[in-house]
Amino acid sequence: MVKPPGDQRATRAPTVLMLAPVLMVVVGLFGAGLGAAFLESIGAEGANPAWTPTAEHYLAVLRDREFRAALGLTFWIATATTLVSTVLGIALALILVGLVRGRQTAYVLLQVPLGIPHLAIAVGFVTLLAPSGWVARGMFALGLIGAPSDFPALVYDGYGIGIILAYVVKEAPFVAVVSSALLLRLDEEYLSVARTLGASSWQQFRHVTWPLIAPGVASAALMVFAFVFAAFDTPFLLGRPYPSMLSVVAQRRYLSIELADRPVALAMALIMTALAASVVWAYVRMPGSSLGRERPAVF
Amino acid sequence: MHRSRVSRLATIAGLTGLGCLAVGPLGLLVVNSVGRHWYWPALLPQEWSLRAWRYVASPEAGLIDALATSLMIALVVATLSVMVALPAGRALALHHVRYRRALVFVLLLPVLAPPLAATMGLHAVFLRLGLADSLAGVLLVHLVPAVPYATLMLAGSFANFDPLWESQARTLGAGSWSMWTRVTLPAVMPGIAVAAAFAFMISWSQYLLTLLIGGGRVITLPLFLVGFVRSGDEAVGAAVSLLFIAPTIVLFTVVARLLRET
């Protein structure tokens, strides 16, 4: 007998029915929320039925100096985090896979940052990297600096260095976990052929390993970018008041006592969502993305 | 010969670096929580005290309430997420789903990008429905990222499940119930545990959504933690941080083990 594709017809519940509960959450809560946000952002007022759609709040956002600064900072932080995490993650994965002894220990250590929420990592980074933090004290003990003011600004700094570092601690292990799974699935034959032909370690990586793991690594990198682009907790705790990342600016405007700030905050949040959505869409279209195999560190 | 020594050194350096990154901040939090006077440039506190822990344990601090609220919300969110996501995860993995790519997209969006805009919109809707500033409202908004995550995890787990096992159980005379409890559930149980653990952790660590929908009335552990970090009491902040991350580290270690076994 030929194996039927998927579930057998006789025992199979209708697909739509099985998806319905999740669709209720996604459409009924997420979709409804987005819809309500969009309506308010184009000028709808809850109780007033006679309103005309307006683009004024979006135009206000585009003219806003704080928004433009936030957009630039957000792109910079998301790009830098993605690049550093990807390179570091691949390096960690190569070390991990190359280990003969201690691979299990290394794997467990790698999981520790993944299990710590971003919020807690940010709290830890304040203690670690503040001008009178532990790293500065260590440098003082080594005679590298003379006073807290000599320590480079790593938290609340203008370039988001503290934010990037805090993200890398979590995202590099994520890329490493994805990459090491890809490396372990790699066919050893290819590498031994390359070795027989006299390829150096770098040539083996560049011409054999990398082309085979690149699609998977790229999809993990897109996940990191999309997440960092819109995340809130880390920049909220480690960022300075100006310039802030997009999510922080949108949240601050939303909770502002000025009622007129609300539709502008919504327009900002929607623009941010749209930009993040385009990255997520690119991820979904990637050949390397595998459903449910990658567990992005989103908390 | 030379190369192997270099790679050994790289390995040791890598492992040490990883260990410091992973365990260093944790150790620092422990030291911080029991330090009393810790002035520049001392590497360790000059005086030790259990003040922060005593304060945290006292009922007037409100931490016990925040802990109970967080735990309750996260447990309910984890349970609901798995129940809602289970059939959808199966359908996504085993059925021919039309608009599959679009569906994966709308599932991934609230997972990867925190639903800031949607939550702001929901806040207005919840105000009208009387759900704003309430525990029920916070529970509902936590489902927005947790349910899609659980669905994707369960789809990954059902991808390794062969529906023919169920047909075989049927052929051998099993009814729907015993087929479910003896064949299907045991096969996807690790996936269910992983999905529940992630839904729990997403809810447990949620700050922004709780703040916006709870309006400062629903105090969970992350809100409590941020309050203390902002107030500048580092010792109490460190003690609360440790309570905040202890369950997530334990859960994540269990999850990592489950995933390696499957």
# chains A, B, ... in the order shown; residues from 1 in each chain; ligands from 1

$ residues_around --residues "stretch 295-299 of chain A" --least-positions-apart "2" --cutoff "8 Å" --atoms "only C-alpha atoms" --output "PyMOL selection string"
(chain A and resi 114+117-118+170-171+174+223-224+227+292-293) or (chain B and resi 111-112+153+201-202+205-206)

$ write_last_selection --atoms "C-alpha atoms" --output "short mmCIF file (atom, residue, chain, number, x, y, z; two decimals), in the first residue's frame"
data_model
loop_
_atom_site.label_atom_id
_atom_site.label_comp_id
_atom_site.auth_asym_id
_atom_site.auth_seq_id
_atom_site.Cartn_x
_atom_site.Cartn_y
_atom_site.Cartn_z
CA LEU A 114 19.76 31.36 26.55
CA PRO A 117 15.71 36.63 30.18
CA HIS A 118 16.97 39.75 28.39
CA LYS A 170 22.27 35.99 24.24
CA GLU A 171 22.17 35.99 20.46
CA PHE A 174 21.57 31.18 19.76
CA MET A 223 15.70 36.13 13.19
CA VAL A 224 18.23 37.95 15.36
CA PHE A 227 14.05 40.50 17.13
CA GLY A 292 9.87 24.80 14.62
CA ARG A 293 13.53 23.77 14.51
CA VAL B 111 6.94 36.07 18.29
CA LEU B 112 9.91 37.92 16.82
CA MET B 153 7.31 24.41 18.49
CA MET B 201 9.11 31.69 30.02
CA ILE B 202 7.64 34.17 27.50
CA SER B 205 9.69 37.50 31.52
CA GLN B 206 7.12 39.83 29.94
#

$ closest_atom_pairs --of "stretch 134-226 of chain B" --to "stretch 76-85 of chain B" --cutoff "7 Å" --atoms "only C-alpha atoms" --output "CSV"
residue,atom,partner,partner_atom,distance
B:Leu139,CA,B:Val77,CA,6.5
B:His142,CA,B:Val77,CA,6.9
B:Leu143,CA,B:Val77,CA,6.3
B:Ala146,CA,B:Ser81,CA,6.3
B:Val147,CA,B:Ser81,CA,4.7
B:Ala150,CA,B:Ala85,CA,6.0
B:Thr151,CA,B:Ala85,CA,4.6
B:Ile192,CA,B:Val82,CA,6.8
B:Ala195,CA,B:Val82,CA,6.7
B:Ala196,CA,B:Ala78,CA,4.9
B:Ala199,CA,B:Ala78,CA,4.9
B:Phe200,CA,B:Ala78,CA,4.9
B:Ser203,CA,B:Val77,CA,6.9

$ write_last_selection --atoms "N, CA and C atoms" --output "JSON list (two decimals), in the first residue's frame"
[["chain", "number", "residue", "atom", "x", "y", "z"],
["B", 139, "LEU", "N", -3.47, 38.35, 31.10],
["B", 139, "LEU", "CA", -3.43, 36.96, 30.64],
["B", 139, "LEU", "C", -3.64, 36.89, 29.13],
["B", 142, "HIS", "N", -0.70, 38.22, 27.08],
["B", 142, "HIS", "CA", 0.45, 37.32, 27.09],
["B", 142, "HIS", "C", 0.27, 36.19, 26.08],
["B", 143, "LEU", "N", -1.00, 35.85, 25.77],
["B", 143, "LEU", "CA", -1.23, 34.79, 24.80],
["B", 143, "LEU", "C", -0.76, 35.19, 23.40],
["B", 146, "ALA", "N", 2.76, 34.06, 23.12],
["B", 146, "ALA", "CA", 2.98, 32.69, 23.62],
["B", 146, "ALA", "C", 2.32, 31.63, 22.74],
["B", 147, "VAL", "N", 1.10, 31.88, 22.28],
["B", 147, "VAL", "CA", 0.39, 30.88, 21.47],
["B", 147, "VAL", "C", 1.10, 30.60, 20.14],
["B", 150, "ALA", "N", 4.23, 28.52, 20.80],
["B", 150, "ALA", "CA", 3.90, 27.13, 21.12],
["B", 150, "ALA", "C", 3.47, 26.38, 19.86],
["B", 151, "THR", "N", 2.72, 27.07, 18.98],
["B", 151, "THR", "CA", 2.27, 26.43, 17.74],
["B", 151, "THR", "C", 3.46, 26.01, 16.87],
["B", 192, "ILE", "N", 5.35, 18.78, 23.66],
["B", 192, "ILE", "CA", 4.38, 19.50, 24.48],
["B", 192, "ILE", "C", 5.08, 20.16, 25.67],
["B", 195, "ALA", "N", 7.05, 23.16, 24.42],
["B", 195, "ALA", "CA", 6.17, 24.28, 24.06],
["B", 195, "ALA", "C", 5.63, 24.95, 25.33],
["B", 196, "ALA", "N", 5.25, 24.14, 26.32],
["B", 196, "ALA", "CA", 4.72, 24.70, 27.57],
["B", 196, "ALA", "C", 5.80, 25.50, 28.28],
["B", 199, "ALA", "N", 6.29, 28.82, 26.50],
["B", 199, "ALA", "CA", 5.16, 29.71, 26.74],
["B", 199, "ALA", "C", 5.25, 30.28, 28.16],
["B", 200, "PHE", "N", 5.63, 29.42, 29.11],
["B", 200, "PHE", "CA", 5.81, 29.87, 30.49],
["B", 200, "PHE", "C", 6.86, 30.98, 30.57],
["B", 203, "SER", "N", 5.81, 34.35, 29.08],
["B", 203, "SER", "CA", 4.91, 35.09, 29.98],
["B", 203, "SER", "C", 5.67, 35.58, 31.22]]

$ select_by_dssp --residues "stretch 16-184 of chain A" --states "alpha helix (DSSP H)" --output "mmCIF file with C-alpha atoms, in the first residue's frame"
data_model
loop_
_atom_site.group_PDB
_atom_site.id
_atom_site.type_symbol
_atom_site.label_atom_id
_atom_site.label_comp_id
_atom_site.auth_asym_id
_atom_site.auth_seq_id
_atom_site.Cartn_x
_atom_site.Cartn_y
_atom_site.Cartn_z
ATOM 1 C CA VAL A 16 -9.492 24.771 9.280
ATOM 2 C CA LEU A 17 -11.088 23.478 12.478
ATOM 3 C CA MET A 18 -7.707 22.489 13.881
ATOM 4 C CA LEU A 19 -6.243 25.899 13.074
ATOM 5 C CA ALA A 20 -9.286 27.789 14.373
ATOM 6 C CA PRO A 21 -8.245 28.199 18.053
ATOM 7 C CA VAL A 22 -4.854 29.640 17.106
ATOM 8 C CA LEU A 23 -6.430 31.850 14.449
ATOM 9 C CA MET A 24 -8.820 33.157 17.105
ATOM 10 C CA VAL A 25 -5.833 34.334 19.157
ATOM 11 C CA ALA A 32 -7.758 43.254 16.317
ATOM 12 C CA GLY A 33 -5.088 45.141 18.239
ATOM 13 C CA LEU A 34 -3.249 46.085 15.049
ATOM 14 C CA GLY A 35 -6.546 47.139 13.466
ATOM 15 C CA ALA A 36 -7.519 49.309 16.416
ATOM 16 C CA ALA A 37 -4.029 50.830 16.479
ATOM 17 C CA PHE A 38 -4.204 51.583 12.758
ATOM 18 C CA LEU A 39 -7.654 53.208 13.025
ATOM 19 C CA GLU A 40 -6.501 55.462 15.854
ATOM 20 C CA SER A 41 -3.313 56.311 13.970
ATOM 21 C CA GLU A 56 -1.160 63.833 9.579
ATOM 22 C CA HIS A 57 0.161 61.603 12.377
ATOM 23 C CA TYR A 58 2.359 59.664 9.956
ATOM 24 C CA LEU A 59 3.649 62.911 8.472
ATOM 25 C CA ALA A 60 4.323 64.123 12.014
ATOM 26 C CA VAL A 61 6.347 60.972 12.670
ATOM 27 C CA LEU A 62 8.403 61.418 9.503
ATOM 28 C CA ARG A 63 9.149 65.027 10.410
ATOM 29 C CA ARG A 65 13.728 64.542 14.789
ATOM 30 C CA GLU A 66 13.599 62.045 17.657
ATOM 31 C CA PHE A 67 12.027 59.437 15.367
ATOM 32 C CA ARG A 68 14.742 59.819 12.744
ATOM 33 C CA ALA A 69 17.478 59.569 15.356
ATOM 34 C CA ALA A 70 15.749 56.484 16.797
ATOM 35 C CA LEU A 71 15.449 54.875 13.357
ATOM 36 C CA GLY A 72 19.175 55.344 12.706
ATOM 37 C CA LEU A 73 20.167 54.022 16.127
ATOM 38 C CA THR A 74 17.804 51.051 15.786
ATOM 39 C CA PHE A 75 19.250 50.069 12.393
ATOM 40 C CA TRP A 76 22.802 50.439 13.724
ATOM 41 C CA ILE A 77 22.182 48.344 16.857
ATOM 42 C CA ALA A 78 20.262 45.618 14.989
ATOM 43 C CA THR A 79 22.920 45.405 12.256
ATOM 44 C CA ALA A 80 25.903 45.422 14.621
ATOM 45 C CA THR A 81 24.298 42.847 16.939
ATOM 46 C CA THR A 82 23.463 40.569 14.015
ATOM 47 C CA LEU A 83 26.972 40.744 12.525
ATOM 48 C CA VAL A 84 28.854 40.255 15.804
ATOM 49 C CA SER A 85 26.504 37.503 17.016
ATOM 50 C CA THR A 86 26.719 35.637 13.718
ATOM 51 C CA VAL A 87 30.518 35.689 13.491
ATOM 52 C CA LEU A 88 30.937 34.848 17.180
ATOM 53 C CA GLY A 89 28.209 32.201 17.013
ATOM 54 C CA ILE A 90 29.836 30.411 14.080
ATOM 55 C CA ALA A 91 33.224 30.540 15.817
ATOM 56 C CA LEU A 92 31.714 29.094 19.009
ATOM 57 C CA ALA A 93 29.976 26.378 16.991
ATOM 58 C CA LEU A 94 33.219 25.425 15.210
ATOM 59 C CA ILE A 95 35.000 25.163 18.572
ATOM 60 C CA LEU A 96 32.105 23.200 20.047
ATOM 61 C CA VAL A 97 31.926 20.686 17.203
ATOM 62 C CA GLY A 98 35.715 20.311 17.159
ATOM 63 C CA ARG A 103 31.575 18.979 24.268
ATOM 64 C CA GLN A 104 28.684 18.229 26.582
ATOM 65 C CA THR A 105 29.973 20.700 29.205
ATOM 66 C CA ALA A 106 30.457 23.390 26.583
ATOM 67 C CA TYR A 107 26.958 22.779 25.251
ATOM 68 C CA VAL A 108 25.451 23.140 28.735
ATOM 69 C CA LEU A 109 27.431 26.383 29.328
ATOM 70 C CA LEU A 110 26.166 27.695 26.004
ATOM 71 C CA GLN A 111 22.574 27.127 27.134
ATOM 72 C CA VAL A 112 22.946 29.195 30.326
ATOM 73 C CA PRO A 113 22.652 32.649 28.669
ATOM 74 C CA LEU A 114 19.756 31.362 26.551
ATOM 75 C CA HIS A 118 16.966 39.753 28.386
ATOM 76 C CA LEU A 119 15.622 41.856 31.231
ATOM 77 C CA ALA A 120 17.888 40.117 33.777
ATOM 78 C CA ILE A 121 20.915 40.296 31.469
ATOM 79 C CA ALA A 122 20.367 44.037 31.123
ATOM 80 C CA VAL A 123 20.163 44.400 34.927
ATOM 81 C CA GLY A 124 23.410 42.433 35.266
ATOM 82 C CA PHE A 125 25.103 44.591 32.635
ATOM 83 C CA VAL A 126 24.399 47.771 34.576
ATOM 84 C CA THR A 127 26.363 46.333 37.522
ATOM 85 C CA LEU A 128 29.052 44.995 35.227
ATOM 86 C CA LEU A 129 29.675 47.905 32.854
ATOM 87 C CA TRP A 134 32.821 45.646 38.280
ATOM 88 C CA VAL A 135 34.771 45.770 35.013
ATOM 89 C CA ALA A 136 35.908 49.325 35.808
ATOM 90 C CA ARG A 137 36.988 48.185 39.311
ATOM 91 C CA GLY A 138 38.927 45.338 37.748
ATOM 92 C CA MET A 139 40.680 47.729 35.381
ATOM 93 C CA PHE A 140 41.492 50.020 38.323
ATOM 94 C CA ALA A 141 42.975 47.059 40.233
ATOM 95 C CA ILE A 161 27.483 49.701 22.901
ATOM 96 C CA GLY A 162 26.062 48.355 26.173
ATOM 97 C CA ILE A 163 22.846 47.348 24.384
ATOM 98 C CA ILE A 164 24.772 45.549 21.631
ATOM 99 C CA LEU A 165 26.970 43.698 24.157
ATOM 100 C CA ALA A 166 23.949 42.639 26.205
ATOM 101 C CA TYR A 167 22.260 41.286 23.067
ATOM 102 C CA VAL A 168 25.396 39.494 21.837
ATOM 103 C CA VAL A 169 25.624 37.551 25.126
ATOM 104 C CA LYS A 170 22.273 35.993 24.243
ATOM 105 C CA GLU A 171 22.172 35.989 20.465
ATOM 106 C CA ALA A 172 25.683 34.579 19.827
ATOM 107 C CA PRO A 173 24.814 31.373 21.761
ATOM 108 C CA PHE A 174 21.565 31.179 19.757
ATOM 109 C CA VAL A 175 23.476 31.346 16.455
ATOM 110 C CA ALA A 176 25.998 28.869 17.909
ATOM 111 C CA VAL A 177 23.272 26.344 18.761
ATOM 112 C CA VAL A 178 21.751 26.633 15.264
ATOM 113 C CA SER A 179 25.179 26.470 13.561
ATOM 114 C CA SER A 180 26.452 23.521 15.594
ATOM 115 C CA ALA A 181 23.313 21.565 14.641
ATOM 116 C CA LEU A 182 24.055 22.395 10.995
ATOM 117 C CA LEU A 183 27.733 21.443 11.381
ATOM 118 C CA LEU A 184 26.891 18.117 12.989
#

$ interface_residues --of "chain B" --to "chain A" --cutoff "7 Å" --atoms "only C-alpha atoms" --output "JSON list (two decimals) with C-alpha atoms, in the first residue's frame"
[["chain", "number", "residue", "atom", "x", "y", "z"],
["B", 11, "THR", "CA", 39.46, 25.44, 22.91],
["B", 15, "LEU", "CA", 35.50, 27.31, 27.09],
["B", 18, "LEU", "CA", 32.01, 30.91, 27.62],
["B", 19, "GLY", "CA", 32.09, 29.93, 31.26],
["B", 22, "ALA", "CA", 27.58, 32.33, 31.39],
["B", 25, "PRO", "CA", 27.14, 37.72, 35.75],
["B", 29, "LEU", "CA", 24.47, 39.03, 41.17],
["B", 40, "TRP", "CA", 34.75, 52.22, 44.54],
["B", 41, "PRO", "CA", 37.28, 50.71, 43.90],
["B", 42, "ALA", "CA", 36.76, 47.60, 46.06],
["B", 43, "LEU", "CA", 36.45, 44.41, 44.04],
["B", 84, "VAL", "CA", -4.82, 26.02, 21.76],
["B", 85, "ALA", "CA", -1.64, 25.22, 19.83],
["B", 87, "PRO", "CA", -4.30, 20.87, 17.00],
["B", 88, "ALA", "CA", -2.82, 23.73, 14.97],
["B", 91, "ALA", "CA", -2.28, 20.60, 11.12],
["B", 94, "LEU", "CA", 0.97, 17.01, 8.73],
["B", 95, "HIS", "CA", -1.80, 18.55, 6.65],
["B", 101, "ARG", "CA", 3.67, 30.58, 4.17],
["B", 105, "PHE", "CA", 4.43, 34.63, 8.75],
["B", 109, "LEU", "CA", 5.51, 38.19, 13.57],
["B", 112, "LEU", "CA", 9.91, 37.92, 16.82],
["B", 113, "ALA", "CA", 8.64, 41.49, 17.09],
["B", 114, "PRO", "CA", 7.06, 42.20, 20.46],
["B", 116, "LEU", "CA", 3.90, 46.79, 20.74],
["B", 117, "ALA", "CA", 1.51, 48.34, 18.20],
["B", 118, "ALA", "CA", -1.06, 45.57, 18.62],
["B", 119, "THR", "CA", -0.92, 45.90, 22.41],
["B", 120, "MET", "CA", -1.44, 49.66, 22.22],
["B", 121, "GLY", "CA", -4.48, 49.03, 20.01],
["B", 122, "LEU", "CA", -5.73, 46.29, 22.32],
["B", 144, "VAL", "CA", -0.41, 36.97, 21.77],
["B", 147, "VAL", "CA", 0.39, 30.88, 21.47],
["B", 152, "LEU", "CA", 5.58, 26.62, 15.88],
["B", 153, "MET", "CA", 7.31, 24.41, 18.49],
["B", 155, "ALA", "CA", 4.60, 21.88, 14.49],
["B", 156, "GLY", "CA", 8.31, 21.06, 14.71],
["B", 163, "PRO", "CA", 0.28, 9.32, 11.38],
["B", 201, "MET", "CA", 9.11, 31.69, 30.02],
["B", 202, "ILE", "CA", 7.64, 34.17, 27.50],
["B", 205, "SER", "CA", 9.69, 37.50, 31.52],
["B", 241, "SER", "CA", 17.02, 39.25, 39.65],
["B", 245, "ILE", "CA", 16.07, 33.96, 36.62],
["B", 248, "THR", "CA", 13.98, 30.13, 33.76],
["B", 249, "ILE", "CA", 17.47, 28.60, 34.02],
["B", 252, "PHE", "CA", 15.74, 25.89, 30.06]]

$ atom_distance --atom1 "atom CA of B:Gly191" --atom2 "atom CA of B:Ser157"
5.2 Å

$ atom_distance --atom1 "atom CA of B:Thr220" --atom2 "atom CA of B:Val138"
10.1 Å

$ atom_distance --atom1 "atom CA of B:Ser49" --atom2 "atom CA of B:Asn32"
10.2 Å
